[in-house]
Structure formats: structure tokens, C-alpha cells
Amino acid sequence: MKKKRVIPILLLKDNWLVQSKLFSEYKKIGDPIAGVKRFSEWDADELIYLNITRKHEMLLDRSDTNNFSFNSIDEALVEISKVSSMPITIGGGIKSLEDIEVKLANGADKISLNSEAIRNPQFVRAASKEFGKSCIVISIDYLNSGKNAKIWNRDISDFKFPDLVDWCREAENLGAGEILINSVNRDGMKTGYDYDIVDSLSNMLEIPLVACGGAGSWEDMRKVLSETRADGVAAANIFHFQDQSIYYARDYLYSRGANVRPPSLTKLR
């Protein structure tokens, strides 16, 4: 049986890794390369690396440290790939097939599409046809009002905010190989995942679904992996402030019967 995945997310904003809360508060937490190296050494199943810098170019304000500064996510990706032993999904600001080609050439294994997929759904079809279905991840941020769940996107002012279920179905039909859903309401709140939504979508979709948003404990992850058909669980903040956090997460999950790889540590060469 295919193992379910435990996936850390790193958010890059203006050359800093940041911690996010409700998609509106960002706290600088460290170096954009060191985090990748740690997660590789702790044997993460894969990594999702999202560039949330709002401007076209990153701010080169890291002269106070000896760490890397990057002019673009592509430049960062080259260095990230050097210290990573895990598959990398890269996202943020991807608008063309050429953008995808460059990122794959620079070390990405999968591409996460969000805003451009909403603006131009046929871009998903073209990307899937050009690079293969397994390469294309549709990242979906959503707000759950309790009555319904609607797509949320801060970059598209004239967006009609379609229903979450409808957009997931369309993305799958357009050729997406995987869907990553992220609850805006729960981002950084440590209140647990949106289990009902995860359960519903994972039963509906034929392609893999990865859940994100709200992880406050390893038990929150176990509930998703053991009680829904989700293929993986992703999180950002919970992994940042404990040494060997990926190891301890998988140790907890594995010991409680979740269908994950046994915990291990990897030493990079």
C-alpha cells in the first residue's frame, strides 16, 4: 500500500523564511537554505517551497548576515537543490510554460500553480500536457464560512470566488496531478485541520489530495492520515521550532498506526 506523506512547507518572503498566520501576519524565522537542509536531514518525504514575495524581485536586505540573498526564486532554487535529498515542489509567481521549464531545470520535481490557474484554467491543461500530469500540483487557498467553502486569492480583484468543490473538480478534469488545499481560516491557528472538507474532497477526487492549514499537534496529522483518504498532510509552523521535528512527527504517526514510512534520519553527503 502506498505510504502517506508528511510534508513540510517553507514560505519565502523577501529572502527570509517566514511564519504565517491567517495569511496576513508574517514573522521572520530564518535562513532560506538552512531550513531545507534540516528537513532533508530529518528525512521529510518531500518539501513544498512557496515564494510569497509580492514584488517581482526579492529585497536584498540580508547584508547583516552571511546567508544567501537571491534575486529570484529560480536563483534560490539552484541553491536549495544542492542541499536537498527530497523531492521539491516549487510555487509562487508561475505564469508560463517557460517559467515551469526553468524551475524543473533548476531542480524542482513538481510545480505548484495557484493564481495563474485561476486566471487561466487552460494553463493547467497546457502545463499537464507539456510536462506530465504528475508534475502539476494545484494549490488552493480557501475560506470556510461554515455554510460553504470558497476559493480565496489576494491577487485577483475581479475573481468570482468559485466553490471549493467545483474548482477541485475542474482542476482534476484539466489535468492536475495533485491538489494541495490550505485553509485560510486555520492558517497558523493550531486548531486542527478542516477534517470535514478534507474527508469530503479526498473521497471525491481520483487524484492525490494533500491537506494543509491548522496543524497544532501530531495528533491533528494522525487524524487526517488515518481517518480520511488524503494522500498527505502538509504543515509549516509546527515543524520550525523543534529539533528533528519531522522525525518526531513520523515517530508519533507510525507508532499509532498511520500508514507512513517509519521514522529515520538522513545524513547529507
# chains A, B, ... in the order shown; residues from 1 in each chain; ligands from 1

call {"tool": "residues_around", "arguments": {"residues": "region 165-167 of chain A", "least_positions_apart": "5", "cutoff": "8 Å", "atoms": "only C-alpha atoms", "output": "PyMOL selection string"}}
result
chain A and resi 149+151+201

call {"tool": "write_last_selection", "arguments": {"atoms": "C-alpha atoms", "output": "PDB file, in the first residue's frame"}}
result
ATOM      1  CA  ALA A 149     -16.111  26.902   1.232  1.00  0.00           C
ATOM      2  CA  ILE A 151     -11.678  29.956  -3.089  1.00  0.00           C
ATOM      3  CA  LEU A 201     -12.657  16.101  -1.098  1.00  0.00           C
TER       4      LEU A 201
END

call {"tool": "select_by_dssp", "arguments": {"residues": "region 6-196 of chain A", "states": "strand (DSSP E or B)", "output": "VMD selection string"}}
result
chain A and resid 6 to 13 16 to 21 25 to 30 47 to 51 88 to 91 110 to 113 136 to 144 149 to 151 163 178 to 183

call {"tool": "closest_atom_pairs", "arguments": {"of": "region 214-267 of chain A", "to": "region 179-191 of chain A", "cutoff": "7 Å", "atoms": "only C-alpha atoms", "output": "JSON lines"}}
result
{"residue": "A:Gly214", "atom": "CA", "partner": "A:Arg186", "partner_atom": "CA", "distance": 4.6}
{"residue": "A:Ala215", "atom": "CA", "partner": "A:Lys190", "partner_atom": "CA", "distance": 5.1}
{"residue": "A:Gly216", "atom": "CA", "partner": "A:Lys190", "partner_atom": "CA", "distance": 3.8}
{"residue": "A:Asn237", "atom": "CA", "partner": "A:Gly188", "partner_atom": "CA", "distance": 6.7}

call {"tool": "closest_residue", "arguments": {"among": "A:Arg256, A:Lys37, A:Lys147, A:Arg222", "to": "Arg5 (chain A)", "atoms": "only C-alpha atoms"}}
result
A:Arg222

call {"tool": "select_by_dssp", "arguments": {"residues": "region 120-211 of chain A", "states": "helix (DSSP H, G or I)", "output": "MDAnalysis selection string"}}
result
chainID A and resid 122:131 133:135 164:174 195:204

call {"tool": "write_last_selection", "arguments": {"atoms": "C-alpha atoms", "output": "PDB file, in the first residue's frame"}}
result
ATOM      1  CA  GLN A 122      -6.464  26.243 -19.663  1.00  0.00           C
ATOM      2  CA  PHE A 123      -2.921  26.906 -18.456  1.00  0.00           C
ATOM      3  CA  VAL A 124      -3.340  23.845 -16.222  1.00  0.00           C
ATOM      4  CA  ARG A 125      -4.229  21.726 -19.251  1.00  0.00           C
ATOM      5  CA  ALA A 126      -1.287  23.054 -21.250  1.00  0.00           C
ATOM      6  CA  ALA A 127       1.165  22.509 -18.388  1.00  0.00           C
ATOM      7  CA  SER A 128      -0.070  18.987 -17.770  1.00  0.00           C
ATOM      8  CA  LYS A 129       0.227  18.128 -21.456  1.00  0.00           C
ATOM      9  CA  GLU A 130       3.704  19.647 -21.783  1.00  0.00           C
ATOM     10  CA  PHE A 131       5.349  18.379 -18.594  1.00  0.00           C
ATOM     11  CA  LYS A 133       0.278  15.224 -15.074  1.00  0.00           C
ATOM     12  CA  SER A 134       2.382  14.041 -12.134  1.00  0.00           C
ATOM     13  CA  CYS A 135       4.368  17.282 -12.278  1.00  0.00           C
ATOM     14  CA  LEU A 164     -14.044  24.877  -3.473  1.00  0.00           C
ATOM     15  CA  VAL A 165     -15.574  21.601  -4.610  1.00  0.00           C
ATOM     16  CA  ASP A 166     -16.256  22.934  -8.110  1.00  0.00           C
ATOM     17  CA  TRP A 167     -12.707  24.231  -8.539  1.00  0.00           C
ATOM     18  CA  CYS A 168     -11.187  20.956  -7.308  1.00  0.00           C
ATOM     19  CA  ARG A 169     -13.274  19.023  -9.821  1.00  0.00           C
ATOM     20  CA  GLU A 170     -12.302  21.389 -12.632  1.00  0.00           C
ATOM     21  CA  ALA A 171      -8.617  21.253 -11.736  1.00  0.00           C
ATOM     22  CA  GLU A 172      -8.712  17.464 -11.844  1.00  0.00           C
ATOM     23  CA  ASN A 173     -10.504  17.488 -15.203  1.00  0.00           C
ATOM     24  CA  LEU A 174      -7.979  19.964 -16.601  1.00  0.00           C
ATOM     25  CA  TYR A 195     -11.356  17.454   8.639  1.00  0.00           C
ATOM     26  CA  ASP A 196     -14.822  17.510   7.101  1.00  0.00           C
ATOM     27  CA  ILE A 197     -13.542  19.297   3.996  1.00  0.00           C
ATOM     28  CA  VAL A 198     -10.510  17.010   3.729  1.00  0.00           C
ATOM     29  CA  ASP A 199     -12.647  13.916   4.099  1.00  0.00           C
ATOM     30  CA  SER A 200     -15.192  15.075   1.536  1.00  0.00           C
ATOM     31  CA  LEU A 201     -12.657  16.101  -1.098  1.00  0.00           C
ATOM     32  CA  SER A 202     -10.402  13.072  -0.649  1.00  0.00           C
ATOM     33  CA  ASN A 203     -13.384  10.789  -1.232  1.00  0.00           C
ATOM     34  CA  MET A 204     -14.473  12.778  -4.279  1.00  0.00           C
TER      35      MET A 204
END

call {"tool": "decode", "arguments": {"residues": "region 105-227 of chain A", "atoms": "C-alpha atoms", "output": "PDB file, in the first residue's frame"}}
result
ATOM      1  CA  ALA A 105      15.717  22.545 -14.974  1.00  0.00           C
ATOM      2  CA  ASN A 106      16.878  24.196 -11.736  1.00  0.00           C
ATOM      3  CA  GLY A 107      15.904  21.273  -9.522  1.00  0.00           C
ATOM      4  CA  ALA A 108      12.149  21.285  -8.911  1.00  0.00           C
ATOM      5  CA  ASP A 109      10.323  17.960  -9.133  1.00  0.00           C
ATOM      6  CA  LYS A 110       6.775  19.350  -9.141  1.00  0.00           C
ATOM      7  CA  ILE A 111       5.222  22.731  -9.829  1.00  0.00           C
ATOM      8  CA  SER A 112       2.546  24.354  -7.677  1.00  0.00           C
ATOM      9  CA  LEU A 113       0.101  26.581  -9.550  1.00  0.00           C
ATOM     10  CA  ASN A 114      -2.383  28.869  -7.851  1.00  0.00           C
ATOM     11  CA  SER A 115      -3.236  32.355  -9.134  1.00  0.00           C
ATOM     12  CA  GLU A 116      -2.451  31.727 -12.791  1.00  0.00           C
ATOM     13  CA  ALA A 117      -4.513  28.549 -12.764  1.00  0.00           C
ATOM     14  CA  ILE A 118      -7.497  30.614 -11.571  1.00  0.00           C
ATOM     15  CA  ARG A 119      -6.935  33.391 -14.119  1.00  0.00           C
ATOM     16  CA  ASN A 120      -6.424  30.969 -16.972  1.00  0.00           C
ATOM     17  CA  PRO A 121      -7.640  27.418 -16.247  1.00  0.00           C
ATOM     18  CA  GLN A 122      -6.464  26.243 -19.663  1.00  0.00           C
ATOM     19  CA  PHE A 123      -2.921  26.906 -18.456  1.00  0.00           C
ATOM     20  CA  VAL A 124      -3.340  23.845 -16.222  1.00  0.00           C
ATOM     21  CA  ARG A 125      -4.229  21.726 -19.251  1.00  0.00           C
ATOM     22  CA  ALA A 126      -1.287  23.054 -21.250  1.00  0.00           C
ATOM     23  CA  ALA A 127       1.165  22.509 -18.388  1.00  0.00           C
ATOM     24  CA  SER A 128      -0.070  18.987 -17.770  1.00  0.00           C
ATOM     25  CA  LYS A 129       0.227  18.128 -21.456  1.00  0.00           C
ATOM     26  CA  GLU A 130       3.704  19.647 -21.783  1.00  0.00           C
ATOM     27  CA  PHE A 131       5.349  18.379 -18.594  1.00  0.00           C
ATOM     28  CA  GLY A 132       3.195  15.472 -17.453  1.00  0.00           C
ATOM     29  CA  LYS A 133       0.278  15.224 -15.074  1.00  0.00           C
ATOM     30  CA  SER A 134       2.382  14.041 -12.134  1.00  0.00           C
ATOM     31  CA  CYS A 135       4.368  17.282 -12.278  1.00  0.00           C
ATOM     32  CA  ILE A 136       1.438  19.673 -11.789  1.00  0.00           C
ATOM     33  CA  VAL A 137       0.052  20.496  -8.340  1.00  0.00           C
ATOM     34  CA  ILE A 138      -2.878  22.876  -7.979  1.00  0.00           C
ATOM     35  CA  SER A 139      -2.590  24.822  -4.729  1.00  0.00           C
ATOM     36  CA  ILE A 140      -5.950  26.055  -3.461  1.00  0.00           C
ATOM     37  CA  ASP A 141      -6.442  28.521  -0.606  1.00  0.00           C
ATOM     38  CA  TYR A 142      -9.986  28.676   0.679  1.00  0.00           C
ATOM     39  CA  LEU A 143     -12.257  30.245   3.279  1.00  0.00           C
ATOM     40  CA  ASN A 144     -14.829  28.094   5.036  1.00  0.00           C
ATOM     41  CA  SER A 145     -17.813  30.072   6.284  1.00  0.00           C
ATOM     42  CA  GLY A 146     -19.453  27.017   7.801  1.00  0.00           C
ATOM     43  CA  LYS A 147     -22.120  27.008   5.111  1.00  0.00           C
ATOM     44  CA  ASN A 148     -19.791  26.701   2.154  1.00  0.00           C
ATOM     45  CA  ALA A 149     -16.111  26.902   1.232  1.00  0.00           C
ATOM     46  CA  LYS A 150     -14.998  29.449  -1.364  1.00  0.00           C
ATOM     47  CA  ILE A 151     -11.678  29.956  -3.089  1.00  0.00           C
ATOM     48  CA  TRP A 152      -9.653  32.873  -1.727  1.00  0.00           C
ATOM     49  CA  ASN A 153      -6.958  34.800  -3.593  1.00  0.00           C
ATOM     50  CA  ARG A 154      -5.497  38.169  -2.649  1.00  0.00           C
ATOM     51  CA  ASP A 155      -4.022  38.854  -6.086  1.00  0.00           C
ATOM     52  CA  ILE A 156      -7.186  38.680  -8.196  1.00  0.00           C
ATOM     53  CA  SER A 157      -9.578  41.572  -7.551  1.00  0.00           C
ATOM     54  CA  ASP A 158     -12.220  40.563 -10.108  1.00  0.00           C
ATOM     55  CA  PHE A 159     -12.267  36.916  -9.105  1.00  0.00           C
ATOM     56  CA  LYS A 160     -15.740  35.417  -8.650  1.00  0.00           C
ATOM     57  CA  PHE A 161     -14.650  33.084  -5.837  1.00  0.00           C
ATOM     58  CA  PRO A 162     -15.984  29.766  -7.075  1.00  0.00           C
ATOM     59  CA  ASP A 163     -16.962  26.952  -4.785  1.00  0.00           C
ATOM     60  CA  LEU A 164     -14.044  24.877  -3.473  1.00  0.00           C
ATOM     61  CA  VAL A 165     -15.574  21.601  -4.610  1.00  0.00           C
ATOM     62  CA  ASP A 166     -16.256  22.934  -8.110  1.00  0.00           C
ATOM     63  CA  TRP A 167     -12.707  24.231  -8.539  1.00  0.00           C
ATOM     64  CA  CYS A 168     -11.187  20.956  -7.308  1.00  0.00           C
ATOM     65  CA  ARG A 169     -13.274  19.023  -9.821  1.00  0.00           C
ATOM     66  CA  GLU A 170     -12.302  21.389 -12.632  1.00  0.00           C
ATOM     67  CA  ALA A 171      -8.617  21.253 -11.736  1.00  0.00           C
ATOM     68  CA  GLU A 172      -8.712  17.464 -11.844  1.00  0.00           C
ATOM     69  CA  ASN A 173     -10.504  17.488 -15.203  1.00  0.00           C
ATOM     70  CA  LEU A 174      -7.979  19.964 -16.601  1.00  0.00           C
ATOM     71  CA  GLY A 175      -5.117  17.554 -15.880  1.00  0.00           C
ATOM     72  CA  ALA A 176      -3.811  18.379 -12.409  1.00  0.00           C
ATOM     73  CA  GLY A 177      -1.867  15.500 -10.897  1.00  0.00           C
ATOM     74  CA  GLU A 178      -2.385  16.552  -7.285  1.00  0.00           C
ATOM     75  CA  ILE A 179      -4.266  19.135  -5.225  1.00  0.00           C
ATOM     76  CA  LEU A 180      -2.969  20.962  -2.151  1.00  0.00           C
ATOM     77  CA  ILE A 181      -5.720  22.619  -0.102  1.00  0.00           C
ATOM     78  CA  ASN A 182      -4.929  25.224   2.529  1.00  0.00           C
ATOM     79  CA  SER A 183      -7.494  26.609   4.968  1.00  0.00           C
ATOM     80  CA  VAL A 184      -7.038  30.369   5.315  1.00  0.00           C
ATOM     81  CA  ASN A 185      -9.215  30.399   8.454  1.00  0.00           C
ATOM     82  CA  ARG A 186      -6.933  27.925  10.201  1.00  0.00           C
ATOM     83  CA  ASP A 187      -3.542  29.155   8.973  1.00  0.00           C
ATOM     84  CA  GLY A 188      -1.223  29.404  11.989  1.00  0.00           C
ATOM     85  CA  MET A 189      -4.089  28.971  14.459  1.00  0.00           C
ATOM     86  CA  LYS A 190      -3.188  25.455  15.723  1.00  0.00           C
ATOM     87  CA  THR A 191      -6.868  24.466  15.808  1.00  0.00           C
ATOM     88  CA  GLY A 192      -6.551  21.301  13.725  1.00  0.00           C
ATOM     89  CA  TYR A 193      -7.196  20.610  10.079  1.00  0.00           C
ATOM     90  CA  ASP A 194     -10.526  21.171   8.359  1.00  0.00           C
ATOM     91  CA  TYR A 195     -11.356  17.454   8.639  1.00  0.00           C
ATOM     92  CA  ASP A 196     -14.822  17.510   7.101  1.00  0.00           C
ATOM     93  CA  ILE A 197     -13.542  19.297   3.996  1.00  0.00           C
ATOM     94  CA  VAL A 198     -10.510  17.010   3.729  1.00  0.00           C
ATOM     95  CA  ASP A 199     -12.647  13.916   4.099  1.00  0.00           C
ATOM     96  CA  SER A 200     -15.192  15.075   1.536  1.00  0.00           C
ATOM     97  CA  LEU A 201     -12.657  16.101  -1.098  1.00  0.00           C
ATOM     98  CA  SER A 202     -10.402  13.072  -0.649  1.00  0.00           C
ATOM     99  CA  ASN A 203     -13.384  10.789  -1.232  1.00  0.00           C
ATOM    100  CA  MET A 204     -14.473  12.778  -4.279  1.00  0.00           C
ATOM    101  CA  LEU A 205     -11.167  13.127  -6.132  1.00  0.00           C
ATOM    102  CA  GLU A 206      -9.312  10.471  -8.102  1.00  0.00           C
ATOM    103  CA  ILE A 207      -6.008  12.339  -7.827  1.00  0.00           C
ATOM    104  CA  PRO A 208      -4.000  12.738  -4.593  1.00  0.00           C
ATOM    105  CA  LEU A 209      -5.087  15.370  -2.082  1.00  0.00           C
ATOM    106  CA  VAL A 210      -2.715  16.979   0.444  1.00  0.00           C
ATOM    107  CA  ALA A 211      -4.209  18.867   3.396  1.00  0.00           C
ATOM    108  CA  CYS A 212      -2.720  21.976   4.978  1.00  0.00           C
ATOM    109  CA  GLY A 213      -3.746  24.620   7.495  1.00  0.00           C
ATOM    110  CA  GLY A 214      -4.253  24.378  11.255  1.00  0.00           C
ATOM    111  CA  ALA A 215      -1.773  21.754  12.481  1.00  0.00           C
ATOM    112  CA  GLY A 216      -1.300  22.207  16.214  1.00  0.00           C
ATOM    113  CA  SER A 217      -0.142  18.714  17.157  1.00  0.00           C
ATOM    114  CA  TRP A 218       1.000  15.420  15.675  1.00  0.00           C
ATOM    115  CA  GLU A 219      -2.414  14.060  16.630  1.00  0.00           C
ATOM    116  CA  ASP A 220      -4.002  16.540  14.219  1.00  0.00           C
ATOM    117  CA  MET A 221      -1.906  14.950  11.478  1.00  0.00           C
ATOM    118  CA  ARG A 222      -2.775  11.417  12.553  1.00  0.00           C
ATOM    119  CA  LYS A 223      -6.456  12.189  12.328  1.00  0.00           C
ATOM    120  CA  VAL A 224      -6.114  13.350   8.720  1.00  0.00           C
ATOM    121  CA  LEU A 225      -3.922  10.436   7.644  1.00  0.00           C
ATOM    122  CA  SER A 226      -5.882   7.718   9.456  1.00  0.00           C
ATOM    123  CA  GLU A 227      -9.453   8.963   9.199  1.00  0.00           C
TER     124      GLU A 227
END
